[in-house]
>>> print(open('work_3.txt').read())   # compact mmCIF, C-alpha atoms and all ligand atoms
# COMPACT_ATOMS: atom_id res chain seq x y z
CA ALA A 1 20.21 -24.20 23.76
CA ARG A 2 23.40 -24.11 21.73
CA GLU A 3 25.25 -26.37 24.13
CA ALA A 4 22.18 -28.52 24.63
CA SER A 5 22.05 -29.30 20.93
CA TYR A 6 25.64 -30.53 20.89
CA GLY A 7 26.95 -33.75 22.34
CA GLN A 8 23.61 -35.43 22.91
CA GLY A 9 21.68 -37.28 20.24
CA ALA A 10 22.27 -36.72 16.55
CA PRO A 11 20.68 -33.49 15.32
CA THR A 12 17.31 -33.81 13.63
CA THR A 13 16.69 -30.20 12.51
CA SER A 14 18.70 -27.62 10.57
CA GLU A 15 18.55 -25.34 13.59
CA GLU A 16 20.33 -27.99 15.65
CA VAL A 17 22.95 -28.43 12.95
CA GLU A 18 23.49 -24.68 12.61
CA ALA A 19 23.88 -24.19 16.38
CA GLY A 20 25.85 -27.40 16.89
CA VAL A 21 28.43 -26.65 14.21
CA GLN A 22 29.31 -23.41 16.01
CA VAL A 23 30.26 -25.23 19.20
CA CYS A 24 31.63 -28.39 17.62
CA ARG A 25 34.81 -29.84 19.15
CA ARG A 26 34.87 -33.11 17.21
CA CYS A 27 38.19 -32.07 15.66
CA ASP A 28 40.55 -29.10 16.13
CA LEU A 29 39.66 -27.05 13.06
CA TRP A 30 37.32 -24.76 15.05
CA ARG A 31 40.37 -23.19 16.75
CA ASP A 32 41.58 -21.16 13.76
CA ALA A 33 38.28 -20.65 11.95
CA THR A 34 36.05 -17.57 12.25
CA GLN A 35 32.92 -19.69 12.47
CA GLY A 36 31.44 -22.98 11.36
CA VAL A 37 29.69 -22.94 7.99
CA PRO A 38 26.64 -25.23 7.84
CA GLY A 39 24.80 -26.05 4.64
CA GLU A 40 21.98 -23.91 3.31
CA GLY A 41 18.95 -24.42 1.11
CA PRO A 42 15.49 -25.97 1.17
CA ARG A 43 14.68 -29.00 3.32
CA PRO A 44 13.71 -31.33 1.86
CA ALA A 45 15.49 -30.71 -1.45
CA PRO A 46 15.78 -33.04 -4.46
CA LEU A 47 19.42 -32.15 -4.98
CA MET A 48 22.30 -31.76 -2.54
CA PHE A 49 25.76 -30.45 -3.42
CA VAL A 50 28.69 -31.25 -1.16
CA GLY A 51 31.96 -29.33 -1.41
CA GLU A 52 35.17 -29.78 0.56
CA GLN A 53 35.22 -27.11 3.26
CA PRO A 54 34.58 -23.36 3.52
CA GLY A 55 37.25 -21.21 1.89
CA ASP A 56 38.54 -17.84 3.07
CA GLN A 57 35.43 -15.92 2.02
CA GLU A 58 32.99 -18.58 3.20
CA ASP A 59 34.69 -18.59 6.62
CA LEU A 60 34.05 -14.85 6.90
CA ALA A 61 30.53 -14.86 5.42
CA GLY A 62 29.31 -18.02 7.18
CA ARG A 63 27.83 -19.31 3.91
CA PRO A 64 29.04 -22.02 1.50
CA PHE A 65 30.37 -21.31 -2.00
CA VAL A 66 30.27 -17.50 -2.03
CA GLY A 67 33.93 -16.95 -3.06
CA PRO A 68 35.84 -17.69 -6.30
CA ALA A 69 34.94 -21.41 -6.32
CA GLY A 70 31.31 -20.41 -5.79
CA GLN A 71 31.44 -18.19 -8.87
CA VAL A 72 32.63 -21.09 -11.04
CA PHE A 73 29.97 -23.27 -9.45
CA ASP A 74 27.19 -20.72 -10.12
CA LYS A 75 28.28 -20.22 -13.74
CA ALA A 76 28.37 -23.97 -14.41
CA LEU A 77 24.99 -24.47 -12.72
CA ALA A 78 23.48 -21.80 -14.97
CA GLU A 79 24.96 -23.48 -18.07
CA ALA A 80 23.62 -26.84 -16.89
CA GLY A 81 20.15 -25.38 -16.36
CA VAL A 82 20.13 -26.23 -12.66
CA SER A 83 18.80 -23.70 -10.14
CA ARG A 84 20.87 -23.32 -6.98
CA ASP A 85 17.70 -22.21 -5.17
CA GLN A 86 16.19 -25.68 -5.31
CA ALA A 87 19.35 -27.36 -4.01
CA PHE A 88 20.86 -27.75 -0.56
CA VAL A 89 24.53 -26.71 -0.68
CA THR A 90 26.99 -27.83 2.00
CA ASN A 91 30.54 -29.04 2.64
CA ALA A 92 32.10 -32.27 3.90
CA VAL A 93 33.97 -30.25 6.56
CA LYS A 94 32.36 -27.27 8.25
CA HIS A 95 35.42 -25.26 9.37
CA PHE A 96 38.10 -23.58 7.21
CA LYS A 97 41.45 -25.40 7.48
CA HIS A 98 44.29 -23.08 6.53
CA GLU A 99 47.72 -21.81 7.35
CA VAL A 100 48.58 -18.14 7.70
CA ARG A 101 51.31 -16.80 5.41
CA GLY A 102 51.81 -13.10 5.87
CA LYS A 103 48.43 -11.50 5.35
CA ARG A 104 47.03 -14.46 3.45
CA ARG A 105 45.19 -17.50 4.69
CA ILE A 106 46.19 -20.46 2.53
CA HIS A 107 43.76 -23.37 2.13
CA GLN A 108 44.85 -26.76 3.45
CA THR A 109 43.12 -29.99 2.51
CA PRO A 110 41.33 -31.56 5.49
CA ASP A 111 42.69 -34.98 6.47
CA ARG A 112 40.74 -38.18 6.72
CA GLY A 113 40.26 -37.87 10.49
CA GLU A 114 38.74 -34.41 10.08
CA VAL A 115 36.45 -35.57 7.28
CA THR A 116 35.37 -38.56 9.35
CA ALA A 117 34.72 -36.42 12.44
CA CYS A 118 32.59 -34.01 10.40
CA ARG A 119 30.43 -36.78 8.94
CA TRP A 120 28.37 -36.34 12.13
CA TRP A 121 27.05 -33.10 10.60
CA LEU A 122 26.98 -34.17 6.97
CA ASP A 123 25.02 -37.31 7.81
CA ALA A 124 22.56 -35.22 9.83
CA GLU A 125 22.12 -32.87 6.87
CA ARG A 126 21.51 -35.85 4.59
CA ARG A 127 18.77 -37.16 6.90
CA ILE A 128 17.18 -33.71 7.16
CA VAL A 129 17.38 -32.83 3.44
CA ARG A 130 16.57 -36.34 2.09
CA PRO A 131 17.94 -35.57 -1.41
CA ARG A 132 17.26 -37.81 -4.38
CA VAL A 133 20.72 -36.96 -5.74
CA ILE A 134 23.93 -36.00 -3.94
CA VAL A 135 26.63 -34.36 -6.05
CA MET A 136 30.12 -34.69 -4.59
CA LEU A 137 32.41 -31.89 -5.69
CA GLY A 138 35.91 -33.37 -5.51
CA ALA A 139 37.66 -36.14 -3.61
CA THR A 140 37.13 -34.77 -0.09
CA ALA A 141 33.39 -34.49 -0.69
CA ALA A 142 33.34 -38.05 -2.05
CA LEU A 143 35.21 -39.28 1.04
CA GLY A 144 32.70 -37.55 3.30
CA VAL A 145 29.62 -38.80 1.48
CA VAL A 146 30.73 -42.34 0.55
CA GLY A 147 32.91 -42.90 3.62
CA LYS A 148 35.88 -44.25 1.67
CA PRO A 149 38.18 -42.89 -1.05
CA THR A 150 36.31 -42.68 -4.37
CA PRO A 151 38.49 -41.50 -7.28
CA ILE A 152 36.85 -38.80 -9.39
CA GLY A 153 38.29 -39.78 -12.78
CA ALA A 154 37.08 -43.39 -12.59
CA ASN A 155 33.64 -42.54 -11.18
CA ARG A 156 32.47 -39.31 -12.78
CA GLY A 157 29.89 -39.24 -15.56
CA LYS A 158 27.63 -41.92 -14.06
CA ALA A 159 25.20 -42.35 -11.21
CA LEU A 160 26.35 -44.27 -8.12
CA GLN A 161 23.89 -45.91 -5.74
CA LEU A 162 24.28 -44.63 -2.18
CA PRO A 163 22.89 -46.57 0.79
CA ASP A 164 20.45 -43.84 1.87
CA GLN A 165 18.15 -44.16 -1.20
CA ALA A 166 19.98 -41.32 -2.90
CA GLN A 167 21.95 -41.54 -6.11
CA GLY A 168 25.46 -40.14 -6.06
CA VAL A 169 27.28 -38.17 -8.71
CA VAL A 170 30.99 -37.46 -8.26
CA THR A 171 32.59 -34.68 -10.23
CA TYR A 172 35.42 -32.18 -10.10
CA HIS A 173 35.78 -29.53 -7.44
CA PRO A 174 35.29 -26.04 -8.92
CA SER A 175 38.62 -24.88 -7.41
CA PHE A 176 40.37 -27.68 -9.30
CA LEU A 177 38.91 -26.27 -12.53
CA LEU A 178 40.42 -22.88 -11.67
CA ARG A 179 43.88 -24.41 -11.22
CA VAL A 180 44.23 -26.62 -14.34
CA PRO A 181 47.28 -25.08 -16.09
CA ASP A 182 46.69 -26.21 -19.68
CA ALA A 183 43.87 -24.28 -21.39
CA ASP A 184 42.54 -27.19 -23.48
CA THR A 185 42.53 -29.56 -20.50
CA LYS A 186 40.82 -26.90 -18.45
CA ALA A 187 38.08 -26.33 -21.04
CA LYS A 188 37.49 -30.08 -21.37
CA ALA A 189 37.24 -30.57 -17.60
CA TYR A 190 34.89 -27.60 -17.27
CA ALA A 191 32.63 -29.01 -20.03
CA GLU A 192 32.57 -32.38 -18.24
CA PHE A 193 31.70 -30.59 -15.00
CA VAL A 194 28.71 -28.89 -16.66
CA GLU A 195 27.66 -32.28 -18.12
CA ASP A 196 27.82 -33.87 -14.66
CA LEU A 197 25.69 -31.09 -13.17
CA ARG A 198 23.17 -31.43 -15.98
CA MET A 199 22.96 -35.20 -15.40
CA ALA A 200 22.45 -34.64 -11.68
CA GLY A 201 19.69 -32.13 -12.38
CA LYS A 202 17.91 -34.63 -14.63
CA LEU A 203 18.29 -37.47 -12.11
CA ALA A 204 16.81 -35.24 -9.40
CA GLY A 205 13.83 -34.58 -11.67
N1 LIG A 301 35.22 -24.62 -1.63
C1 LIG A 301 34.41 -25.55 -1.07
O1 LIG A 301 34.62 -26.74 -1.17
N2 LIG A 301 33.37 -25.12 -0.39
C2 LIG A 301 33.06 -23.85 -0.23
O2 LIG A 301 32.06 -23.57 0.42
C3 LIG A 301 33.91 -22.90 -0.84
C4 LIG A 301 34.98 -23.31 -1.52
>>> encode(input="work_3.txt", output="structure tokens", more="lines below")
Ligand code: URA
Amino acid sequence: AREASYGQGAPTTSEEVEAGVQVCRRCDLWRDATQGVPGEGPRPAPLMFVGEQPGDQEDLAGRPFVGPAGQVFDKALAEAGVSRDQAFVTNAVKHFKHEVRGKRRIHQTPDRGEVTACRWWLDAERRIVRPRVIVMLGATAALGVVGKPTPIGANRGKALQLPDQAQGVVTYHPSFLLRVPDADTKAKAYAEFVEDLRMAGKLAG
């Protein structure tokens, strides 16, 4: 059934996505990853969050946003008054792209070809989840959802109309917030992130 759900028509159920991601050969990232990490959450859901790709811990756990970025995400969601339980959480790319340095696996940003290849799964999740609002966490997520580069700075803080009836909100990636060197800049960006999540929660009703 796993093979049968891959390579034929576009998936129409979460089970097909979950099985299909594990045998996906649409790009080469499966080779070095532990497993594919599909999205999780209710279907349908009013709100969908899209990250970049699984990180080291997500690759091992098979679940999105469970590592350090997930902790920032959970904290900001709580401050914004948005419940993660009522949202579908996924990534633009379903396998962990990294390079090995000694004992560490260092994150690498997926390229445009990889993001485009993985839209097969993201688009299927969008059809299955039918969210009212899609929040794009960072530039890779925005590329996956919108299909073309969408700068965060110029587009955050407002609702964008997406073709599939959903409204889009672009905001920072939680890992970016962890890396901002200057403390004041970091605090400001984090506050804007919480604002964006709160707006998305309101838009989703
Ligand atoms: N960063 C992401 O973009 N997604 C995850 O699932 C974890 C870290």
>>> residues_around(input="work_3.txt", residues="region 83-92 of chain A", least_positions_apart="3", cutoff="8 Å", atoms="all atoms listed in the file", output="number ranges by chain")
A: 38-43, 45-54, 64, 74, 77-78, 115, 118-119, 122, 129, 140-141, 144-145
>>> residues_around(input="work_3.txt", residues="region 198-202 of chain A", least_positions_apart="2", cutoff="12 Å", atoms="only C-alpha atoms", output="PyMOL selection string")
chain A and resi 45-49+76-84+86-87+131-137+156-160+166-171+191-196+204-205
>>> residues_around(input="work_3.txt", residues="Arg63 (chain A)", least_positions_apart="3", cutoff="7 Å", atoms="all atoms listed in the file", output="compact mmCIF listing (two decimals) with C-alpha atoms, in the coordinates of the input")
# COMPACT_ATOMS: atom_id res chain seq x y z
CA VAL A 37 29.69 -22.94 7.99
CA GLU A 58 32.99 -18.58 3.20
CA VAL A 66 30.27 -17.50 -2.03
>>> atom_distance(input="work_3.txt", atom1="CA of Arg105 (chain A)", atom2="CA of Ala142 (chain A)")
24.7 Å
>>> residues_near_point(input="work_3.txt", point="(37.6, -29.1, 15.1)", cutoff="10 Å", atoms="all atoms listed in the file", output="number ranges by chain")
A: 21, 23-33, 36, 93-97, 114, 117-118
>>> closest_residue(input="work_3.txt", among="A:Leu177, A:Ala10, A:Ala69, A:Ala187", to="ligand LIG 301 (chain A)", atoms="all atoms listed in the file")
A:Ala69
>>> atom_distance(input="work_3.txt", atom1="CA of Gln108 (chain A)", atom2="CA of Asp56 (chain A)")
10.9 Å
>>> closest_residue(input="work_3.txt", among="A:Glu18, A:Asp182, A:His173, A:Ala61", to="ligand LIG 301 (chain A)", atoms="all atoms listed in the file")
A:His173
>>> atom_distance(input="work_3.txt", atom1="CA of Phe176 (chain A)", atom2="CA of Ala189 (chain A)")
9.3 Å
>>> closest_residue(input="work_3.txt", among="A:His107, A:Pro44, A:Ala19, A:Gly138", to="Asp59 (chain A)", atoms="only C-alpha atoms")
A:His107
>>> closest_residue(input="work_3.txt", among="A:Thr116, A:Asn155, A:Ser175, A:Gln22", to="ligand LIG 301 (chain A)", atoms="all atoms listed in the file")
A:Ser175
>>> closest_residue(input="work_3.txt", among="A:Gly9, A:Gly153, A:Lys186, A:Leu178", to="ligand LIG 301 (chain A)", atoms="all atoms listed in the file")
A:Leu178
>>> decode(input="work_3.txt", residues="region 71-98 of chain A", atoms="N, CA and C atoms", output="short mmCIF file (atom, residue, chain, number, x, y, z; two decimals), in the first residue's frame")
data_model
loop_
_atom_site.label_atom_id
_atom_site.label_comp_id
_atom_site.auth_asym_id
_atom_site.auth_seq_id
_atom_site.Cartn_x
_atom_site.Cartn_y
_atom_site.Cartn_z
N GLN A 71 10.37 24.83 20.52
CA GLN A 71 10.16 25.43 21.84
C GLN A 71 9.86 26.92 21.74
N VAL A 72 10.59 27.62 20.85
CA VAL A 72 10.31 29.04 20.63
C VAL A 72 8.90 29.20 20.06
N PHE A 73 8.58 28.34 19.12
CA PHE A 73 7.26 28.37 18.48
C PHE A 73 6.15 28.17 19.52
N ASP A 74 6.30 27.16 20.38
CA ASP A 74 5.29 26.88 21.41
C ASP A 74 5.14 28.04 22.40
N LYS A 75 6.25 28.64 22.78
CA LYS A 75 6.21 29.76 23.73
C LYS A 75 5.48 30.95 23.11
N ALA A 76 5.82 31.25 21.84
CA ALA A 76 5.18 32.38 21.17
C ALA A 76 3.69 32.12 20.94
N LEU A 77 3.34 30.89 20.60
CA LEU A 77 1.93 30.54 20.43
C LEU A 77 1.16 30.79 21.72
N ALA A 78 1.75 30.36 22.84
CA ALA A 78 1.09 30.55 24.14
C ALA A 78 0.90 32.04 24.42
N GLU A 79 1.92 32.84 24.13
CA GLU A 79 1.81 34.29 24.37
C GLU A 79 0.78 34.93 23.44
N ALA A 80 0.61 34.36 22.26
CA ALA A 80 -0.35 34.90 21.29
C ALA A 80 -1.76 34.38 21.55
N GLY A 81 -1.90 33.45 22.48
CA GLY A 81 -3.21 32.89 22.78
C GLY A 81 -3.73 31.95 21.70
N VAL A 82 -2.82 31.31 20.99
CA VAL A 82 -3.21 30.37 19.94
C VAL A 82 -2.86 28.96 20.39
N SER A 83 -3.82 28.05 20.26
CA SER A 83 -3.58 26.66 20.68
C SER A 83 -3.01 25.85 19.52
N ARG A 84 -1.88 25.21 19.77
CA ARG A 84 -1.28 24.38 18.72
C ARG A 84 -2.17 23.20 18.37
N ASP A 85 -2.99 22.76 19.34
CA ASP A 85 -3.87 21.59 19.12
C ASP A 85 -4.89 21.81 18.01
N GLN A 86 -5.27 23.06 17.79
CA GLN A 86 -6.31 23.29 16.77
C GLN A 86 -5.68 23.64 15.41
N ALA A 87 -4.36 23.52 15.33
CA ALA A 87 -3.67 23.87 14.09
C ALA A 87 -3.00 22.65 13.47
N PHE A 88 -2.87 22.68 12.17
CA PHE A 88 -2.09 21.66 11.46
C PHE A 88 -0.70 22.24 11.26
N VAL A 89 0.32 21.49 11.68
CA VAL A 89 1.70 22.00 11.64
C VAL A 89 2.52 21.13 10.68
N THR A 90 3.16 21.78 9.70
CA THR A 90 3.92 21.01 8.72
C THR A 90 5.14 21.81 8.26
N ASN A 91 5.83 21.30 7.26
CA ASN A 91 7.01 21.96 6.71
C ASN A 91 6.93 21.99 5.20
N ALA A 92 7.63 22.97 4.60
CA ALA A 92 7.67 23.07 3.13
C ALA A 92 8.40 21.88 2.53
N VAL A 93 9.41 21.38 3.24
CA VAL A 93 10.22 20.24 2.79
C VAL A 93 10.15 19.17 3.87
N LYS A 94 9.96 17.92 3.46
CA LYS A 94 9.65 16.87 4.44
C LYS A 94 10.86 16.06 4.92
N HIS A 95 12.03 16.26 4.30
CA HIS A 95 13.23 15.56 4.77
C HIS A 95 14.28 16.56 5.25
N PHE A 96 15.09 16.14 6.22
CA PHE A 96 16.12 16.97 6.85
C PHE A 96 17.34 17.08 5.94
N LYS A 97 17.62 18.28 5.43
CA LYS A 97 18.82 18.50 4.63
C LYS A 97 19.93 18.98 5.55
N HIS A 98 21.05 18.29 5.52
CA HIS A 98 22.13 18.62 6.46
C HIS A 98 23.46 18.13 5.94
#
